[in-house]
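S.K.: This is the structure I have questions about; it appears just below.
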Amino acid sequence: MSSFTEVLVVGEHERGTLVDATLEALTFARSLSDEIAVLVCGDFDLADRLAQFGATTVHIADHELLNGDFGPEAWGETLAQLIQTEEPEMVLACGTSRGNEVMAQAAARLDLPFVANCIELSEAGTEITRVQWGGSLLEQTALTADIKMISVSHHAVEPTEADAGQPEQRSFKPDLAEDLARTVVQGREIAEAGVSLATAAVVVGGGRGVGSPEAFAPLEELASLLGGRVGCSRAVTNNGWRPHSDQVGQTGTRIAPEIYIATGISGAIQHWVGASAAKQILAINTDPDANMVVKADYAVIGDLHEVVPAIVDEIRSRQAD
Amino acid sequence: MSELPAKSKVVVIGAGIVGSCLVGHLSQLGWTDIVLIDKGPLPNPGGSTGHASNFIFPVDHNKEMALLGVQSANQFRDLGLSVDSGGIEVARTEARMHELARRMTSAKAWGVEASLLTPGEVKELVPFINEEVILGGFYCSSVSVVDSLETGTQMRNLALEQEALKVFANTEVLDLITEETPIEGQTKIKAVVTDKGTIEAEYVVIACGVWSNRIANLAGAYIPLVPAVHQMADVGPMDVLAETNNEIGYPIVRDMDTFCYERQSSGSMEVGSYGHRAILHHPDEIPSNDAAALSPTEMPFTPDDFDPQMETAIELMDMLGDAEIKYAINGLLSLTPDTMPCLGEIPEVRNLWSAAAVWVKEGPGMAQVVAEWMTHGYPRVIDAHGADIARFYEEEKSDEHIWARATEHFVKTYGIVHPAEQWAGRRNLQVSPYFSRQEALGAEFFAARTWERPQWYQSNADLVQRYELQEREVEWDNRWWSPISTGEHLNLRENCGLVDLSAFQIYELTGPGAVAFADHLAVNKVDKPVGSSVYTPWLTPDGGFHSDLTMMRTAENTVQIVTGVFDGGRDQFWVKKLMPQDGSVAFANITLDVTTLGLWGPNAPAVLAQLTDQDLSQAGSPYGSLRTVILQTASGPIEATLFRISYVGDTGWEIYTAWGNGPALWDALVVAGADLGLRPTGGGVYGTSGRLEKGYRLMGNELESEYSPVEAGLARPKVKASDFIGKEAYLKARQDGPEVQMCTLTVEDHTDSAGRKRFMMGGNEPLLTLDGARIVDSHGRASRVCSAGPGPSVGKHLLLGYLPNELAVIGTDLQVMYQNEYFPVKVGAIDGSVFDPEDSRLKS
Amino acid sequence: MTAEQTSRIDASELRVLVCIKRVPAPGARINLTDDGQRIDTAHLGFAMSPHEECAVEAAIQLTQEAGGEATVLTVGPEEAEEQLRYAVSLGIHKAVLVKTDGEAVNPQRTARAIGAAVAALEAADGPFHLILFGNESADSGGFQVGIRVAVGLGRPIVTAIKGIDLELEAPAITAKREIDGGLEIYKLPTPAVLGVKEGLNLPRYPTMKGRLASKKAEITQFQPGESEPDGLDGQTSLGLIQPPQKASNVVRLGEGPAAAPAVVDLLDELGVL
């Protein structure tokens, strides 16, 4: 299918290392056109990898502001200038933080519409389905601008290879004002060891079913094995078993870990509101009808006092192997 | 999760506090094969239980609500899921202080420990209160905070352990299937259709809280309630609360005059309000569990409604102002048109039961009531007629009515409500044929359910002067009362009175089985010659009062039932559910075909004689007899039935005629009585002063299912040979003799500590020994005032109440508590009456 | 940049603007109107987007620590006053409503309306040293209004910010952006714009006194610019649809301790081991 003569894809990379999300954008772009151009900000040689996923042209934007670290304004201005030069019908990025940011920067500079986090295009490419509310709803939108700028919802496309042969490499020299250096990354911090409940990648939650302050020990152990934190329900803080700072919920901390392991928690709405942003929820509960179990992604029916130590043992034995 | 069974004995819909306690109680009573379903998850399915404030103030002026509150508190306590936090109702106004004294009186009546506190004493218990804005407090140490969700879980477990129960959460009811019965207007429940399959059931109970009416409607039935908002905000944390290291460490404070409460919840304070406008929702507006931001019954908070409450809350507890509002909801709860719950079998559909409009504070007790009712045919723990869902008339089941009444009474949740307080809206739903005449006479109408009845007539104001009568000294005692009523009483005793009795509910049983069936309902013999009547109790299977009414054999195969307007719905359903299904008896409600006027007083025969040639002497129209006569009116002759009976103690008749003849009859009697002192006379005489002087018992006041005819003094010398409902229990009660007896007491001194004359009004004031001790029998039944009112012809204020045998002796000196003060009373009569005990006036 | 913008900021003159959006507060499932054009909000409450709660909190903290004044602004209907007052109840000093009357909005229009309002506010009371946006709105999630405003004003912007440090002496803002395994650090001159994310801080709740005071707050109203012809922005929303339902919602990993290997397999798969 080739609805568009050419699609320009933003090649997202981290100081020269291609980001996997770019491959999603390329894969999506191939469904729209046979001619896939990729913008690489900075003098980095990514052509081979890009070609593996279908790039036919690679624009290497060469400028001192681009050759070091990421800068949203420098990248955005570069993209805007390339669009003005090439006038592609379609400009595409993956809907990552950077992808959306660079697209919005370019769109703002060109006063073009930008449609973020799309999952589907109509045949003619003018009707777009995109996600709203973090995926709880879909919006259908008509994009009639001559140059269509969209991002593809991250993880909506499974990247597949399609060797396009040796791509044409073109050098592109953007004209960037000096002051765009103001938004170039100045440094990095490694994540602190002691993660906070709000930012932990794993939270092991305990509810009334835990039964006592002491019985949280296996939960602590599991959390520390996973580099996570222990959270609790309101019933637990009400009983004085744990401090309020550990409370997950409407009136406590709202968490958004990769996985929330909720043990002995019935899933009162109060608690649910605080936990619902977790990407995955594993409920461990004796009651198969418990709210937490019904709403979870994964469930183990059983007594947390037996199941949690079993998980700890299993992790230890695998680590020993 | 197992599969939904195709069949079960009983399906309970709703796993909140009520449904969960119900299945527990049913299993304790021997039920098995119970299925409990809820569309939400467990343990919090998303109904009102999940956001309840979970505290119980065990004092209420209403007997059912008070005793079931105490009963419920005890059940929570027995499960170990309750903390006695204590609670204080604080007053900011003198009117409220008066009300708190009334609360003290009710606390004494129900045996709840309570005391009045000074502002300083309140501050000792609640150090963070601003004592300067309050005048005092009513403290009750047994106020408790309960864990309603865990109670539900444990009550379900009780049934699960007996293997009597299967629970299906996340199972939504889509339809209720009924089947026809031979009785007109009545179907029978057959099955429950859910999204997990259909289940046939012999019994279905709707315990769905705010959704109950919607579910009942699926079966063509009604549970008249509406979801209404109660706003609640959780503010905190506050150190003073957190330091208690407890869910609750300080007494709950009810700021009564601002319609608000402050209830500690761990480190924060729940501020709940009944002070906002009534915010009602249709059940269809309640979001599903999925669509709700919190739970379905925790609707979005509307802060504008709550703001005035914040101002007053900060006034009372300044620390609340600086704490964060962490959680605030428009929580839904259920309101009914008359404030009482909806319990019992639903009249429209046999075996479909309601356990709804019940709050957490009375949940376990009311679940027990319903479980006993289903098991024994009647509740045993307490008389629950006030909560009986059969009490409603058709007009009371419309959304328009429910919404209007709920709107009116919601704002009185913490209000000071007079025992005789009248509804402002939705009046004149049912009026008698004389209504326009009564309005012209300045009638003060009191509503009896849907019916309007004159309580007194302003046109009789001259009687106040004639009999030198006075207003009562204290406004509260005088409210909803008038000395005109006493004037009407004295005039009736001297001349005669005309009383509108059109609100009588009249039913007709016809057919070959009518007399036998009627006899089966009644303690006394109905199977008597045509033209006879009988005044009789209807008993429960346990031998208590279901009702107390008059039955008339008007034809060979016809029996008419005449009952009071407050009991019409219950009695109608009682008949319909017990009547033979073989077609041998037909039921008809002829209430609106017939109108009734009462004509009583020494001049009554002389007045009536002007309209008829009928021999009106005791020989020609003996007491208790029915005579069909032609009465001459200005509009021509009309047919009427004269029923020689009296509920006021003077001779006369209840005159029954066709509804359309009513105005002509009224006019004819007024003309005939013009020179004989006839006055239109209100319900104040008929229902109170006239009745009390004669010691006549009233269903719902003196007569309840907890008492037998033997105790009520209504047992006849002989028991009829034929069988009737409750006979076995009745025979036993006769054999055992009464433990308590209904007595008439006279108030010997009305003067309170401030030197004012006070008048009890029959609001369950406790009857006490001279030491001030409560009088309680072996069943736990406390002696209290069931009815009170003036006895103008005996010159005493009269009280009716049950007393143990040793005190039920004429001349015994006791005390009554009123407004937290003691007044001396004396037993004036036992079975008989303090006025004309020989009934000579009836026989004249 | 002018000299004024590089000289130190007098703490009492610090000016921070937060832009928020009124959005429905739905549950796990969002119901649509029958025509699919809108979210059925009949029985929903409204709130500001969660990222913006953190932006408001940051503005309050910055002005509480350093001094100065925080202003909240929204583009929306009259009802959006509820969210403005909420922000004021938390400790924001001033509120501005750019009022729309139900006409279609899109990111470009919204950005132009905000830009015009900022220009007017700055002309009257001086520049905002920092303008804060939520990273994206909770509802439409367009990821662009803040950037468009910043570009329009010629100011630097970085989004996805989870840490803000304001230097008054040599005015600069250190902003931290979340990346895999850590944070990227940016150093922006003032005036600057940031798009912030939840996790930046723990937003406070209003106190009762704050709520009552907010009721008396005066709300400055602007009308968006007049020259907003229909349909020239090249994008039109056609409506909303529900995503396809997940077939099975809960995956049972087993019962009791026997489920442990399956649990650890899952943890491995998610890359959290």
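Just so we're on the same page: first chain in the structure tokens is A, next is B, and so on; residues restart at 1 for each chain, and ligands are numbered from 1 in the order they show up.
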Residues of chain B that have any atom at most 8 Å from an atom of chain C: could you tabulate them with the shortest-distance atom pair and the distance in Å to one decimal, using only C-alpha atoms, ordered by chain and increasing number, as a Markdown table?
M.R.:
| residue | atom | partner | partner_atom | distance |
| --- | --- | --- | --- | --- |
| B:Val235 | CA | C:Thr207 | CA | 7.8 |
| B:Glu285 | CA | C:His43 | CA | 7.0 |
| B:Ile286 | CA | C:His43 | CA | 7.7 |
| B:Pro287 | CA | C:His43 | CA | 7.4 |
| B:Asp290 | CA | C:Ala28 | CA | 5.1 |
| B:Ala291 | CA | C:Arg29 | CA | 4.6 |
| B:Ala292 | CA | C:Gly27 | CA | 4.4 |
| B:Ala293 | CA | C:Gly27 | CA | 3.7 |
| B:Leu294 | CA | C:Gly27 | CA | 6.8 |
| B:Met299 | CA | C:His43 | CA | 7.5 |
| B:Pro300 | CA | C:Gly45 | CA | 4.8 |
| B:Phe301 | CA | C:Gly45 | CA | 7.2 |
| B:Asp307 | CA | C:Leu212 | CA | 6.8 |
| B:Met310 | CA | C:Met208 | CA | 6.3 |
| B:Glu311 | CA | C:Leu212 | CA | 7.8 |
| B:Leu320 | CA | C:Met208 | CA | 7.0 |
| B:Gly321 | CA | C:Met208 | CA | 4.8 |
| B:Asp322 | CA | C:Thr207 | CA | 5.3 |
| B:Ala323 | CA | C:Thr207 | CA | 5.2 |
| B:Glu324 | CA | C:Thr207 | CA | 4.2 |
| B:Ile325 | CA | C:Thr207 | CA | 5.6 |
| B:Lys326 | CA | C:Tyr205 | CA | 5.8 |
S.K.: Restrict the distance test to only C-alpha atoms, flag each residue of chain B within 7 Å of chain A, and return the flagged residues as a PyMOL selection string.
M.R.: chain B and resi 41-44+169+245-247+266+294-295+326-327
S.K.: Suppose we keep N, CA and C atoms; can you now write the selection as a PDB file, in the first residue's frame?
M.R.:
ATOM      1  N   PRO B  41     -18.444  -6.193  43.389  1.00  0.00           N
ATOM      2  CA  PRO B  41     -17.487  -7.124  43.981  1.00  0.00           C
ATOM      3  C   PRO B  41     -17.611  -7.147  45.508  1.00  0.00           C
ATOM      4  N   LEU B  42     -16.947  -8.091  46.118  1.00  0.00           N
ATOM      5  CA  LEU B  42     -16.955  -8.194  47.576  1.00  0.00           C
ATOM      6  C   LEU B  42     -15.567  -7.862  48.118  1.00  0.00           C
ATOM      7  N   PRO B  43     -15.481  -7.363  49.330  1.00  0.00           N
ATOM      8  CA  PRO B  43     -16.579  -7.194  50.294  1.00  0.00           C
ATOM      9  C   PRO B  43     -17.355  -5.896  50.136  1.00  0.00           C
ATOM     10  N   ASN B  44     -16.892  -4.987  49.266  1.00  0.00           N
ATOM     11  CA  ASN B  44     -17.647  -3.751  49.095  1.00  0.00           C
ATOM     12  C   ASN B  44     -18.259  -3.713  47.710  1.00  0.00           C
ATOM     13  N   ALA B 169     -20.779 -12.849  43.553  1.00  0.00           N
ATOM     14  CA  ALA B 169     -20.514 -11.427  43.356  1.00  0.00           C
ATOM     15  C   ALA B 169     -20.411 -11.160  41.863  1.00  0.00           C
ATOM     16  N   ASN B 245      -3.851   6.908  68.056  1.00  0.00           N
ATOM     17  CA  ASN B 245      -3.486   5.603  67.486  1.00  0.00           C
ATOM     18  C   ASN B 245      -4.661   4.650  67.403  1.00  0.00           C
ATOM     19  N   ASN B 246      -5.795   5.186  67.092  1.00  0.00           N
ATOM     20  CA  ASN B 246      -7.026   4.414  67.085  1.00  0.00           C
ATOM     21  C   ASN B 246      -7.879   4.839  65.909  1.00  0.00           C
ATOM     22  N   GLU B 247      -8.736   3.938  65.450  1.00  0.00           N
ATOM     23  CA  GLU B 247      -9.728   4.330  64.462  1.00  0.00           C
ATOM     24  C   GLU B 247     -10.564   5.471  65.041  1.00  0.00           C
ATOM     25  N   SER B 266      -9.498   7.482  62.342  1.00  0.00           N
ATOM     26  CA  SER B 266      -8.054   7.380  62.440  1.00  0.00           C
ATOM     27  C   SER B 266      -7.470   8.791  62.626  1.00  0.00           C
ATOM     28  N   LEU B 294     -15.378   6.802  41.978  1.00  0.00           N
ATOM     29  CA  LEU B 294     -15.105   6.107  43.239  1.00  0.00           C
ATOM     30  C   LEU B 294     -15.975   4.860  43.222  1.00  0.00           C
ATOM     31  N   SER B 295     -16.966   4.778  44.119  1.00  0.00           N
ATOM     32  CA  SER B 295     -17.914   3.681  43.989  1.00  0.00           C
ATOM     33  C   SER B 295     -19.204   4.270  43.430  1.00  0.00           C
ATOM     34  N   LYS B 326      -9.270  15.600  52.159  1.00  0.00           N
ATOM     35  CA  LYS B 326      -8.602  14.574  51.357  1.00  0.00           C
ATOM     36  C   LYS B 326      -9.587  13.758  50.534  1.00  0.00           C
ATOM     37  N   TYR B 327     -10.793  13.759  50.945  1.00  0.00           N
ATOM     38  CA  TYR B 327     -11.760  12.874  50.295  1.00  0.00           C
ATOM     39  C   TYR B 327     -13.123  13.455  50.608  1.00  0.00           C
TER      40      TYR B 327
END
S.K.: Excluding Leu273 (chain C) and its own-chain neighbours fewer than 4 positions away, which residues fall within 6 Å of it when counting only C-alpha atoms? Please give them as a ChimeraX atom specification.
M.R.: /A:226 /C:267-268
S.K.: Selected residues, N, CA and C atoms, written as a short mmCIF file (atom, residue, chain, number, x, y, z; two decimals), in the first residue's frame, please.
M.R.:
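Result file is part10.cif:
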data_model
loop_
_atom_site.label_atom_id
_atom_site.label_comp_id
_atom_site.auth_asym_id
_atom_site.auth_seq_id
_atom_site.Cartn_x
_atom_site.Cartn_y
_atom_site.Cartn_z
N LEU A 226 12.94 -7.30 44.53
CA LEU A 226 12.53 -6.76 43.24
C LEU A 226 12.90 -5.29 43.10
N LEU C 267 7.11 -12.02 36.49
CA LEU C 267 8.00 -10.93 36.90
C LEU C 267 9.19 -10.85 35.94
N ASP C 268 9.65 -12.01 35.53
CA ASP C 268 10.76 -12.08 34.60
C ASP C 268 10.37 -11.43 33.27
#
S.K.: Would you please extract all strand (DSSP E) residues from region 2-196 of chain A, as assigned by DSSP on the backbone, and give them as a PDB file with C-alpha atoms, in the first residue's frame?
M.R.:
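And here is the file that came out, result14.pdb:
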ATOM      1  CA  VAL A   7       6.890   9.566   4.694  1.00  0.00           C
ATOM      2  CA  LEU A   8       9.427  11.324   6.839  1.00  0.00           C
ATOM      3  CA  VAL A   9      10.208   9.518  10.100  1.00  0.00           C
ATOM      4  CA  VAL A  10      11.919  11.052  13.099  1.00  0.00           C
ATOM      5  CA  HIS A  13      18.218   7.986  19.215  1.00  0.00           C
ATOM      6  CA  GLU A  14      20.105   8.423  22.424  1.00  0.00           C
ATOM      7  CA  THR A  17      22.117   4.657  19.785  1.00  0.00           C
ATOM      8  CA  LEU A  18      18.873   4.069  17.935  1.00  0.00           C
ATOM      9  CA  ILE A  36      10.625   6.134   3.899  1.00  0.00           C
ATOM     10  CA  ALA A  37      12.939   8.971   4.764  1.00  0.00           C
ATOM     11  CA  VAL A  38      14.431   9.233   8.237  1.00  0.00           C
ATOM     12  CA  LEU A  39      15.776  12.274   9.990  1.00  0.00           C
ATOM     13  CA  VAL A  40      18.767  11.628  12.211  1.00  0.00           C
ATOM     14  CA  CYS A  41      19.694  14.633  14.311  1.00  0.00           C
ATOM     15  CA  THR A  57      16.544   7.703   2.607  1.00  0.00           C
ATOM     16  CA  VAL A  58      18.438   8.970   5.674  1.00  0.00           C
ATOM     17  CA  HIS A  59      18.814  12.716   6.258  1.00  0.00           C
ATOM     18  CA  ILE A  60      21.745  13.327   8.544  1.00  0.00           C
ATOM     19  CA  ALA A  61      21.328  16.699  10.170  1.00  0.00           C
ATOM     20  CA  MET A  90       3.447  12.693   6.077  1.00  0.00           C
ATOM     21  CA  VAL A  91       5.757  13.152   9.055  1.00  0.00           C
ATOM     22  CA  LEU A  92       5.861  10.422  11.634  1.00  0.00           C
ATOM     23  CA  ALA A  93       7.441   9.774  15.009  1.00  0.00           C
ATOM     24  CA  CYS A  94       6.900   7.234  17.703  1.00  0.00           C
ATOM     25  CA  PHE A 114      -0.011  17.504  15.059  1.00  0.00           C
ATOM     26  CA  VAL A 115      -1.938  14.400  16.022  1.00  0.00           C
ATOM     27  CA  ALA A 116      -0.299  12.405  18.798  1.00  0.00           C
ATOM     28  CA  ASN A 117      -0.555   8.727  19.604  1.00  0.00           C
ATOM     29  CA  CYS A 118      -2.313   7.362  16.567  1.00  0.00           C
ATOM     30  CA  ILE A 119      -3.039   3.688  16.128  1.00  0.00           C
ATOM     31  CA  GLU A 120      -4.731   3.530  12.747  1.00  0.00           C
ATOM     32  CA  LEU A 121      -5.047   5.514   9.526  1.00  0.00           C
ATOM     33  CA  GLU A 127      -9.033   9.771   9.035  1.00  0.00           C
ATOM     34  CA  ILE A 128      -7.039   8.814  12.042  1.00  0.00           C
ATOM     35  CA  THR A 129      -7.811   6.752  15.099  1.00  0.00           C
ATOM     36  CA  ARG A 130      -5.822   7.800  18.129  1.00  0.00           C
ATOM     37  CA  VAL A 131      -5.843   7.020  21.845  1.00  0.00           C
ATOM     38  CA  GLN A 132      -7.225   9.304  24.510  1.00  0.00           C
ATOM     39  CA  LEU A 137     -11.025   5.814  24.757  1.00  0.00           C
ATOM     40  CA  LEU A 138     -10.303   6.199  21.073  1.00  0.00           C
ATOM     41  CA  GLU A 139     -10.802   9.377  19.093  1.00  0.00           C
ATOM     42  CA  GLN A 140     -11.413   9.602  15.387  1.00  0.00           C
ATOM     43  CA  THR A 141     -10.066  12.705  13.811  1.00  0.00           C
ATOM     44  CA  ALA A 142      -9.828  14.117  10.309  1.00  0.00           C
ATOM     45  CA  LEU A 143      -6.424  15.458   9.338  1.00  0.00           C
ATOM     46  CA  LYS A 148       0.314  15.523   8.096  1.00  0.00           C
ATOM     47  CA  MET A 149       2.260  15.280  11.329  1.00  0.00           C
ATOM     48  CA  ILE A 150       1.438  12.339  13.554  1.00  0.00           C
ATOM     49  CA  SER A 151       2.992  10.144  16.187  1.00  0.00           C
ATOM     50  CA  VAL A 152       2.285   6.450  16.512  1.00  0.00           C
ATOM     51  CA  GLU A 168      20.344   7.034   0.201  1.00  0.00           C
ATOM     52  CA  GLN A 169      22.196   9.172   2.735  1.00  0.00           C
ATOM     53  CA  ARG A 170      21.859  12.910   2.525  1.00  0.00           C
ATOM     54  CA  SER A 171      23.513  15.487   4.637  1.00  0.00           C
ATOM     55  CA  PHE A 172      21.347  18.282   5.875  1.00  0.00           C
ATOM     56  CA  GLY A 187      23.870  16.044  32.470  1.00  0.00           C
ATOM     57  CA  ARG A 188      22.307  12.995  34.000  1.00  0.00           C
ATOM     58  CA  GLU A 189      21.524  11.505  37.380  1.00  0.00           C
ATOM     59  CA  ILE A 190      21.326   7.818  38.000  1.00  0.00           C
TER      60      ILE A 190
END
S.K.: Just the number, please: distance in Å from CA of Glu468 (chain B) to CA of Glu494 (chain B), one decimal.
M.R.: 14.8 Å
S.K.: For the structure I just gave you, how does DSSP split region 528-581 of chain B - specifically, which residues are alpha helix (DSSP H)? Reply as a PyMOL selection string.
M.R.: chain B and resi 568-578
S.K.: Name all residues at most 8 Å from Gln105 (chain A) (count only C-alpha atoms; drop same-chain ones fewer than 5 positions away) and give them as a PyMOL selection string.
M.R.: (chain A and resi 72-73+76-77) or (chain C and resi 144+147-148+151)
S.K.: Pick out the residues sitting within 9 Å of Ala58 (chain C), and hand them over as an mmCIF file with N, CA and C atoms, in the first residue's frame; count only C-alpha atoms, and ignore anything fewer than 5 positions along from it in its own chain.
M.R.:
data_model
loop_
_atom_site.group_PDB
_atom_site.id
_atom_site.type_symbol
_atom_site.label_atom_id
_atom_site.label_comp_id
_atom_site.auth_asym_id
_atom_site.auth_seq_id
_atom_site.Cartn_x
_atom_site.Cartn_y
_atom_site.Cartn_z
ATOM 1 N N GLU C 53 -2.100 19.029 38.517
ATOM 2 C CA GLU C 53 -2.128 19.144 39.984
ATOM 3 C C GLU C 53 -0.707 19.307 40.502
ATOM 4 N N THR C 63 6.517 29.704 45.052
ATOM 5 C CA THR C 63 6.213 31.045 45.554
ATOM 6 C C THR C 63 6.169 31.082 47.077
ATOM 7 N N LEU C 132 4.071 26.992 33.796
ATOM 8 C CA LEU C 132 4.020 25.538 33.954
ATOM 9 C C LEU C 132 2.788 24.969 33.255
ATOM 10 N N ILE C 164 12.158 20.348 39.652
ATOM 11 C CA ILE C 164 12.364 21.763 39.303
ATOM 12 C C ILE C 164 13.164 22.424 40.429
ATOM 13 N N LEU C 200 6.281 14.600 40.209
ATOM 14 C CA LEU C 200 7.105 15.773 40.495
ATOM 15 C C LEU C 200 7.055 16.095 41.982
ATOM 16 N N ASN C 201 5.883 15.930 42.543
ATOM 17 C CA ASN C 201 5.685 16.234 43.960
ATOM 18 C C ASN C 201 4.392 15.558 44.394
ATOM 19 N N PRO C 203 0.879 16.460 45.380
ATOM 20 C CA PRO C 203 -0.003 17.630 45.465
ATOM 21 C C PRO C 203 -0.800 17.642 46.761
#
S.K.: Given only C-alpha atoms as the basis, pick out the residue of A:Ala162, A:Val210, A:Ile311, A:Val236 nearest to Gln52 (chain A).
M.R.: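 Between A:Ala162, A:Val210, A:Ile311, A:Val236, the residue approaching Gln52 (chain A) most closely is A:Ala162.
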